[in-house]
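Below you'll find the structure, written out as structure tokens, and then a few comments.
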Amino acid sequence: MPATTRYILYARKSTDNSDRQVQSIDDQLAELRNLAAKRGLTVACELIEKHSAKSPGERPVFNEMLAKIRRGEADGILAWHLNRISRNPVDGGHVSWLLQTGVLKSILTPLREYLSSDNVLLLSVEQGAANQEIIDLRLGVRRGLEGKVRRGMYPYRPKAGYQVDPITKDHVPDPARFHLLKRAWDMLLTGSYSGPRILERINAMGYRTRRSLKKGDRPLLPSGLYQMFSDPFYCGYFQFEGELMEGTHQPMVTKEQFKQAQIILGREIRPKPKSHEFAFTGLIQCGVCGAAVTGERKWKHYPKTGNSRLYTYYRCGRNGCPKRAVTESDFEAVLLQDLERVRLAPEFVDWALGVLEREHGELRIADEAISQERHQLTRGIRAKLDRLSDRYLEGDYSPDEFRETKSRLQAELNRVHWEQETQEVRTRNQYESARNLLCFTRDAYARVSSNSLEQKKAVARTFGASYTLTLGSLEIQIDPRLDKLLSLEPANPRSHRHEVGDSAGSNSDWWALLHHVRTCAELSNEVFPALPEPDIFDH
């Protein structure tokens with residue numbers, strides 16, 4: 001070996017993530033420095049790169065090293081392994097040519113040395129092996145991804161709110177974060193919370209991202225929140241190579257809720273500037289011209305006392321329409337009067353919620369047994385589809401027979417999926433709708449009596465199908481499900497408001513009233529909406 005050979009010590013790893021790289025930069029540097037010291041080598045410089053070598057022309061440090069060699073600043077490369085220098089034929093060709101032409105005199109690794117006077121076959125074989133390793137790795141990863149996708153498993157890193165089960169390798173709810181992000185969806189779906197408001201509350205409740213080696217735990221960012229709200233993963237699906245696939249992971253929201261969220265997000269994209277917030281704007285229509293009723297605040301001065309008072313009014317916003325406003329206090333008085341008609345006793349509601357919870361648990365156990373049967377049936381149909389493809393390739397089916405049989409099996413598979421999804425959604429929706437309706441009858445009156453604009457708006461949006469202001473007179477057409485609750489027997493739910501103390505199951509009137517509540521909750525195909533929970537931000 002020429003004593004004048006000047007080496008560039010080159011160390012590389014494929015990623016910045018230290019826990020995903022077997023041979024770290026520090027390990028490479030330590031071994032190569034030790035090798036240089038033992039052999040008395042002259043090291044011109046050390047170059048470190050953290051970049052994959054699978055594609056040519058994408059490593060700036062590698063390109064810098066070749067430029068130094070061409071300029072004569074060095075004539076040898078010291079590396080931990082040949083695959084640290086090249087893993088693709090283009091970069092490997094550049095190194096081979098420099099070695100063959102004598103510009104590069106030596107490539108030295110702890111295992112062997114490659115000289116310009118050597119036969120190039122060995123170098124070419126080892127470079128080809130490094131390149132083939134990348135190809136095999138890519139194919140292996142590809143097969144693994146496709147296998148997961150066929151089983152309905154999301155093949156990439158866990159989404160926010162999820163983690164990988166160490167046994168099944170499927171994505172399951174992250175107990176520290178799932179419920180908080182589910183709360184974010186619930187707030188969005190009420191239509192009463194803006195994106196920044198949701199973000200503020202979720203972070204205040206303690207949400208932090210999964211630990212990062214560099215940045216550590218950190219709050220949820222706006223980009224992460226809106227990315228979640230637009231990702232179909234959270235309603236049970238995921239994208240793979242441009243195709244929407246059905247996943248086996250537990251969704252945060254239903255498909256219907258996800259679609260509703262996209263409508264709400266579309267409305268938020270073009271917000272109208274507001275100088276004030278009002279509890280009931282956007283809900284009331286003028287009974288004279290049909291235009292939207294707007295809110296305004298005015299100070300009124302009382303000369304006798306010298307005091308001034310701020311009033312909130314709602315009036316028609318169209319020019320030329322006879323305007324007779326209603327004050328916010330009058331609006332609330334009418335709303336509270338109607339809410340009083342549907343208010344049920346807390347004692348009854350608590351009892352009824354306990355009944356619903358027990359029954360829902362029993363139904364879920366029964367549904368789980370049916371679900372297991374359907375999963376077995378699904379696996380059987382998929383196995384038939386796999387065998388069908390093999391037999392078609394072996395010539396057992398004609399193209400027409402193959403298409404007909406595949407179409408029949410796929411239709412059967414779709415039917416099983418539809419039955420499973422319909423069963424789960426029906427059980428969940430029946431429970432949620434009855435529960436939300438009961439909680440509304442118990443809590444809505446107090447929410448309107450509070451000082452929270454968002455709580456008032458949420459109650460009014462849920463309670464009224466329409467609000468009409470005609471020459472200062474307010475008319476509320478209440479939600480049909482609540483209206484039906486008033487018309488059912490027992491004659492009036494208020495008659496049960498003060499019946500206290502009967503043990504569960506002993507009060508036949510309470511059982512009858514619970515049956516009526518269930519009937520009302522199921523009048524619509526839509527789940528009766530839940531009110532947003534009050535928290536530390538509601539004053």
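By convention in this document, the chains of the structure tokens carry letters A, B, ... by their order, each chain's residues are numbered from 1, and ligands are numbered from 1 in the order they are shown.
Residues in contact range of segment 317-333 of chain A, defined as at most 6 Å between only C-alpha atoms, with sequence neighbours fewer than 3 positions away removed, read Val293, Thr294, Thr312, Tyr313, Tyr314, Leu336, Leu471 and Gly472 of chain A.
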Compile the contact shell of segment 52-60 of chain A as a PDB file with all heavy atoms, in the first residue's frame: residues with an atom at most 6 Å away, counting only C-alpha atoms, same-chain residues fewer than 5 positions apart removed.
```
ATOM      1  N   SER A  14     -28.716   5.283   7.231  1.00  0.00           N
ATOM      2  CA  SER A  14     -29.815   5.561   6.303  1.00  0.00           C
ATOM      3  C   SER A  14     -30.873   6.477   6.862  1.00  0.00           C
ATOM      4  O   SER A  14     -31.738   6.928   6.134  1.00  0.00           O
ATOM      5  CB  SER A  14     -30.477   4.241   5.867  1.00  0.00           C
ATOM      6  OG  SER A  14     -29.523   3.415   5.233  1.00  0.00           O
ATOM      7  N   ARG A  87     -25.162   1.581  -2.631  1.00  0.00           N
ATOM      8  CA  ARG A  87     -26.195   0.545  -2.656  1.00  0.00           C
ATOM      9  C   ARG A  87     -26.997   0.596  -3.950  1.00  0.00           C
ATOM     10  O   ARG A  87     -28.064   0.006  -4.043  1.00  0.00           O
ATOM     11  CB  ARG A  87     -27.149   0.705  -1.460  1.00  0.00           C
ATOM     12  CG  ARG A  87     -26.644   0.066  -0.170  1.00  0.00           C
ATOM     13  CD  ARG A  87     -27.709   0.106   0.890  1.00  0.00           C
ATOM     14  NE  ARG A  87     -27.315  -0.516   2.126  1.00  0.00           N
ATOM     15  CZ  ARG A  87     -27.446  -1.811   2.415  1.00  0.00           C
ATOM     16  NH1 ARG A  87     -27.930  -2.636   1.509  1.00  0.00           N
ATOM     17  NH2 ARG A  87     -27.073  -2.279   3.581  1.00  0.00           N
ATOM     18  N   ASN A  88     -26.518   1.350  -4.950  1.00  0.00           N
ATOM     19  CA  ASN A  88     -27.191   1.379  -6.245  1.00  0.00           C
ATOM     20  C   ASN A  88     -26.132   1.355  -7.338  1.00  0.00           C
ATOM     21  O   ASN A  88     -24.993   1.788  -7.130  1.00  0.00           O
ATOM     22  CB  ASN A  88     -28.092   2.609  -6.358  1.00  0.00           C
ATOM     23  CG  ASN A  88     -27.310   3.904  -6.402  1.00  0.00           C
ATOM     24  OD1 ASN A  88     -26.795   4.293  -7.455  1.00  0.00           O
ATOM     25  ND2 ASN A  88     -27.207   4.591  -5.258  1.00  0.00           N
ATOM     26  N   VAL A  90     -25.594   3.046 -10.057  1.00  0.00           N
ATOM     27  CA  VAL A  90     -25.080   4.302 -10.609  1.00  0.00           C
ATOM     28  C   VAL A  90     -23.945   4.832  -9.737  1.00  0.00           C
ATOM     29  O   VAL A  90     -22.829   5.112 -10.221  1.00  0.00           O
ATOM     30  CB  VAL A  90     -26.207   5.341 -10.725  1.00  0.00           C
ATOM     31  CG1 VAL A  90     -25.643   6.680 -11.205  1.00  0.00           C
ATOM     32  CG2 VAL A  90     -27.283   4.851 -11.688  1.00  0.00           C
ATOM     33  N   ASP A  91     -24.184   4.977  -8.432  1.00  0.00           N
ATOM     34  CA  ASP A  91     -23.124   5.429  -7.523  1.00  0.00           C
ATOM     35  C   ASP A  91     -21.971   4.432  -7.497  1.00  0.00           C
ATOM     36  O   ASP A  91     -20.790   4.817  -7.434  1.00  0.00           O
ATOM     37  CB  ASP A  91     -23.683   5.633  -6.112  1.00  0.00           C
ATOM     38  CG  ASP A  91     -24.620   6.833  -6.043  1.00  0.00           C
ATOM     39  OD1 ASP A  91     -24.613   7.644  -6.983  1.00  0.00           O
ATOM     40  OD2 ASP A  91     -25.367   6.953  -5.046  1.00  0.00           O
TER      41      ASP A  91
END
```
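Taking atom CA of Pro196 of chain A and atom CA of Glu277 of chain A as endpoints, the distance between them is 15.3 Å.
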Between A:Val355, A:Val172, A:Leu482, A:Ala512, which is the closest to Tyr234 of chain A once you count only C-alpha atoms? A:Val172
DSSP strand (DSSP E or B) selection over segment 288-509 of chain A, as a PyMOL selection string: chain A and resi 292-302+307-316+326-327+464-470+473-478
Please, which residues in segment 235-338 of chain A fall within 12 Å of segment 515-526 of chain A when counting only C-alpha atoms, and what is the closest atom pair and distance in Å to one decimal for each, ordered by chain then residue number, as a tab-separated table?
```
residue	atom	partner	partner_atom	distance
A:Thr254	CA	A:Glu526	CA	11.8
A:Glu256	CA	A:Glu526	CA	9.1
A:Gln257	CA	A:Glu526	CA	10.0
A:Gln260	CA	A:Glu526	CA	11.4
```
Write out as an mmCIF file with C-alpha atoms, in the first residue's frame which residues come within 12 Å of Asp26 of chain A when counting only C-alpha atoms, dropping same-chain ones fewer than 5 positions away.
```
data_model
loop_
_atom_site.group_PDB
_atom_site.id
_atom_site.type_symbol
_atom_site.label_atom_id
_atom_site.label_comp_id
_atom_site.auth_asym_id
_atom_site.auth_seq_id
_atom_site.Cartn_x
_atom_site.Cartn_y
_atom_site.Cartn_z
ATOM 1 C CA TYR A 10 -16.762 8.136 5.308
ATOM 2 C CA ALA A 11 -19.493 7.093 7.723
ATOM 3 C CA ARG A 12 -23.157 6.823 6.758
ATOM 4 C CA LYS A 13 -26.485 5.617 8.098
ATOM 5 C CA SER A 18 -31.031 6.387 15.936
ATOM 6 C CA GLN A 21 -30.203 1.976 12.594
ATOM 7 C CA GLU A 31 -13.953 1.415 14.513
ATOM 8 C CA LEU A 32 -12.599 3.306 11.502
ATOM 9 C CA ARG A 33 -10.443 5.641 13.630
ATOM 10 C CA ILE A 48 -20.598 11.933 7.885
ATOM 11 C CA GLU A 49 -23.887 11.404 6.051
ATOM 12 C CA TRP A 80 -17.119 0.408 7.691
#
```
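One distance worth recording is that between atom CA of Asp165 of chain A and atom CA of Ser230 of chain A, which is 24.6 Å.
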List as an mmCIF file with N, CA, C and O atoms, in the first residue's frame the protein and nucleic acid residues near Leu469 of chain A, meaning an atom at most 7 Å away when only C-alpha atoms are counted, but skip any in the same chain fewer than 2 places from it.
```
data_model
loop_
_atom_site.group_PDB
_atom_site.id
_atom_site.type_symbol
_atom_site.label_atom_id
_atom_site.label_comp_id
_atom_site.auth_asym_id
_atom_site.auth_seq_id
_atom_site.Cartn_x
_atom_site.Cartn_y
_atom_site.Cartn_z
ATOM 1 N N ILE A 284 -82.368 31.846 13.772
ATOM 2 C CA ILE A 284 -83.688 32.485 13.691
ATOM 3 C C ILE A 284 -83.927 33.014 12.279
ATOM 4 O O ILE A 284 -83.025 33.571 11.638
ATOM 5 N N GLN A 285 -85.171 32.860 11.815
ATOM 6 C CA GLN A 285 -85.582 33.352 10.501
ATOM 7 C C GLN A 285 -86.703 34.374 10.675
ATOM 8 O O GLN A 285 -87.557 34.227 11.558
ATOM 9 N N CYS A 286 -86.672 35.414 9.842
ATOM 10 C CA CYS A 286 -87.728 36.419 9.886
ATOM 11 C C CYS A 286 -89.019 35.831 9.330
ATOM 12 O O CYS A 286 -89.034 35.267 8.233
ATOM 13 N N GLY A 287 -90.117 35.998 10.075
ATOM 14 C CA GLY A 287 -91.401 35.469 9.619
ATOM 15 C C GLY A 287 -92.071 36.318 8.561
ATOM 16 O O GLY A 287 -93.056 35.894 7.956
ATOM 17 N N TYR A 467 -86.802 28.460 14.242
ATOM 18 C CA TYR A 467 -87.133 29.611 15.088
ATOM 19 C C TYR A 467 -87.578 30.737 14.160
ATOM 20 O O TYR A 467 -86.860 31.088 13.219
ATOM 21 N N LEU A 471 -92.471 40.176 13.737
ATOM 22 C CA LEU A 471 -92.866 41.442 14.361
ATOM 23 C C LEU A 471 -92.721 41.388 15.877
ATOM 24 O O LEU A 471 -93.616 41.747 16.640
ATOM 25 N N GLY A 472 -91.573 40.888 16.331
ATOM 26 C CA GLY A 472 -91.273 40.859 17.760
ATOM 27 C C GLY A 472 -91.785 39.652 18.495
ATOM 28 O O GLY A 472 -91.513 39.497 19.682
ATOM 29 N N SER A 473 -92.526 38.766 17.803
ATOM 30 C CA SER A 473 -93.060 37.577 18.443
ATOM 31 C C SER A 473 -92.250 36.352 17.988
ATOM 32 O O SER A 473 -92.107 36.118 16.784
ATOM 33 N N LEU A 474 -91.746 35.590 18.934
ATOM 34 C CA LEU A 474 -90.901 34.443 18.636
ATOM 35 C C LEU A 474 -91.700 33.151 18.714
ATOM 36 O O LEU A 474 -92.411 32.902 19.686
ATOM 37 N N GLU A 475 -91.572 32.338 17.666
ATOM 38 C CA GLU A 475 -92.233 31.027 17.626
ATOM 39 C C GLU A 475 -91.173 29.955 17.446
ATOM 40 O O GLU A 475 -90.309 30.062 16.571
#
```
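Nearest-residue note for Ile381 of chain A: choosing from A:Glu412, A:Asp509, A:Glu243, A:Glu200, the minimum distance belongs to A:Glu412, counting only C-alpha atoms.
Closest to Thr427 of chain A among A:Leu66, A:Val527, A:Ala292, A:Ala352 is A:Val527, based on only C-alpha atoms.
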I'd like the neighbourhood of Leu199 of chain A as a tab-separated table (two decimals) with all heavy atoms, in the first residue's frame, where a residue qualifies if any of its atoms comes within 10 Å (using only C-alpha atoms), though same-chain residues fewer than 3 positions away should be ignored.
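The resulting file, part.tsv, is reproduced below:
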```tsv
chain	number	residue	atom	x	y	z
A	181	LEU	N	-58.90	12.70	21.78
A	181	LEU	CA	-59.17	13.01	20.38
A	181	LEU	C	-60.63	12.70	20.03
A	181	LEU	O	-61.23	13.38	19.19
A	181	LEU	CB	-58.22	12.22	19.48
A	181	LEU	CG	-56.74	12.60	19.61
A	181	LEU	CD1	-55.89	11.81	18.62
A	181	LEU	CD2	-56.54	14.09	19.40
A	184	ALA	N	-62.46	15.69	20.85
A	184	ALA	CA	-62.31	16.71	19.82
A	184	ALA	C	-63.33	16.50	18.70
A	184	ALA	O	-63.95	17.46	18.22
A	184	ALA	CB	-60.89	16.70	19.26
A	193	TYR	N	-68.22	24.64	18.10
A	193	TYR	CA	-66.84	24.92	18.43
A	193	TYR	C	-66.02	25.14	17.15
A	193	TYR	O	-66.14	24.36	16.20
A	193	TYR	CB	-66.21	23.76	19.21
A	193	TYR	CG	-66.81	23.55	20.58
A	193	TYR	CD1	-67.98	22.80	20.73
A	193	TYR	CD2	-66.22	24.08	21.70
A	193	TYR	CE1	-68.53	22.59	21.99
A	193	TYR	CE2	-66.76	23.87	22.97
A	193	TYR	CZ	-67.92	23.13	23.10
A	193	TYR	OH	-68.46	22.93	24.34
A	194	SER	N	-65.19	26.16	17.15
A	194	SER	CA	-64.27	26.39	16.05
A	194	SER	C	-63.03	25.51	16.24
A	194	SER	O	-62.78	24.98	17.34
A	194	SER	CB	-63.85	27.85	16.00
A	194	SER	OG	-63.12	28.19	17.17
A	195	GLY	N	-62.25	25.36	15.16
A	195	GLY	CA	-61.04	24.56	15.26
A	195	GLY	C	-60.08	25.06	16.32
A	195	GLY	O	-59.61	24.26	17.16
A	196	PRO	N	-59.75	26.37	16.34
A	196	PRO	CA	-58.83	26.86	17.39
A	196	PRO	C	-59.36	26.63	18.80
A	196	PRO	O	-58.60	26.35	19.72
A	196	PRO	CB	-58.72	28.35	17.06
A	196	PRO	CG	-58.99	28.44	15.60
A	196	PRO	CD	-60.03	27.40	15.32
A	202	ILE	N	-58.49	20.75	23.97
A	202	ILE	CA	-57.87	19.43	24.01
A	202	ILE	C	-56.49	19.52	24.65
A	202	ILE	O	-56.12	18.67	25.48
A	202	ILE	CB	-57.79	18.85	22.59
A	202	ILE	CG1	-59.20	18.58	22.05
A	202	ILE	CG2	-56.97	17.56	22.59
A	202	ILE	CD1	-60.02	17.65	22.89
A	203	ASN	N	-55.71	20.53	24.30
A	203	ASN	CA	-54.40	20.69	24.91
A	203	ASN	C	-54.51	21.02	26.39
A	203	ASN	O	-53.69	20.58	27.22
A	203	ASN	CB	-53.60	21.77	24.18
A	203	ASN	CG	-53.08	21.29	22.84
A	203	ASN	OD1	-52.81	20.11	22.66
A	203	ASN	ND2	-52.97	22.20	21.89
A	204	ALA	N	-55.53	21.82	26.77
A	204	ALA	CA	-55.73	22.15	28.18
A	204	ALA	C	-56.13	20.92	28.99
A	204	ALA	O	-55.85	20.84	30.19
A	204	ALA	CB	-56.78	23.23	28.32
A	205	MET	N	-56.77	19.95	28.34
A	205	MET	CA	-57.14	18.71	29.02
A	205	MET	C	-55.95	17.76	29.19
A	205	MET	O	-56.09	16.69	29.80
A	205	MET	CB	-58.25	18.00	28.24
A	205	MET	CG	-59.57	18.73	28.23
A	205	MET	SD	-60.74	17.91	27.13
A	205	MET	CE	-62.01	19.17	27.00
A	207	TYR	N	-53.67	16.80	26.47
A	207	TYR	CA	-53.21	16.01	25.33
A	207	TYR	C	-51.76	16.36	24.99
A	207	TYR	O	-51.39	17.52	24.91
A	207	TYR	CB	-54.08	16.26	24.10
A	207	TYR	CG	-53.64	15.40	22.92
A	207	TYR	CD1	-54.15	14.12	22.77
A	207	TYR	CD2	-52.69	15.85	22.01
A	207	TYR	CE1	-53.74	13.31	21.73
A	207	TYR	CE2	-52.28	15.05	20.96
A	207	TYR	CZ	-52.80	13.78	20.83
A	207	TYR	OH	-52.38	12.98	19.79
A	219	PRO	N	-47.74	19.63	22.75
A	219	PRO	CA	-49.19	19.74	22.53
A	219	PRO	C	-49.55	19.46	21.08
A	219	PRO	O	-48.70	19.46	20.18
A	219	PRO	CB	-49.49	21.20	22.90
A	219	PRO	CG	-48.32	21.65	23.71
A	219	PRO	CD	-47.14	20.89	23.20
A	220	LEU	N	-50.82	19.21	20.87
A	220	LEU	CA	-51.34	19.02	19.51
A	220	LEU	C	-51.27	20.33	18.75
A	220	LEU	O	-51.61	21.40	19.28
A	220	LEU	CB	-52.79	18.53	19.59
A	220	LEU	CG	-53.48	18.20	18.26
A	220	LEU	CD1	-52.78	17.04	17.56
A	220	LEU	CD2	-54.94	17.85	18.51
A	221	LEU	N	-50.81	20.26	17.50
A	221	LEU	CA	-50.69	21.45	16.66
A	221	LEU	C	-51.92	21.60	15.77
A	221	LEU	O	-52.62	20.61	15.50
A	221	LEU	CB	-49.43	21.36	15.79
A	221	LEU	CG	-48.10	21.27	16.55
A	221	LEU	CD1	-46.95	21.08	15.57
A	221	LEU	CD2	-47.89	22.51	17.39
A	222	PRO	N	-52.21	22.81	15.27
A	222	PRO	CA	-53.37	22.99	14.38
A	222	PRO	C	-53.32	22.08	13.16
A	222	PRO	O	-54.34	21.51	12.76
A	222	PRO	CB	-53.28	24.46	13.98
A	222	PRO	CG	-52.53	25.12	15.11
A	222	PRO	CD	-51.55	24.10	15.59
A	224	GLY	N	-52.01	19.13	12.92
A	224	GLY	CA	-52.36	17.78	13.33
A	224	GLY	C	-53.85	17.61	13.56
A	224	GLY	O	-54.44	16.58	13.22
A	225	LEU	N	-54.49	18.63	14.13
A	225	LEU	CA	-55.93	18.56	14.38
A	225	LEU	C	-56.71	18.49	13.07
A	225	LEU	O	-57.58	17.62	12.89
A	225	LEU	CB	-56.36	19.77	15.20
A	225	LEU	CG	-57.85	19.85	15.52
A	225	LEU	CD1	-58.23	18.77	16.53
A	225	LEU	CD2	-58.24	21.22	16.05
A	226	TYR	N	-56.41	19.40	12.13
A	226	TYR	CA	-57.17	19.41	10.88
A	226	TYR	C	-56.84	18.21	10.01
A	226	TYR	O	-57.68	17.73	9.23
A	226	TYR	CB	-56.90	20.72	10.13
A	226	TYR	CG	-57.63	21.89	10.74
A	226	TYR	CD1	-56.96	22.83	11.51
A	226	TYR	CD2	-59.00	22.04	10.57
A	226	TYR	CE1	-57.62	23.90	12.09
A	226	TYR	CE2	-59.68	23.11	11.15
A	226	TYR	CZ	-58.99	24.03	11.90
A	226	TYR	OH	-59.66	25.07	12.47
```
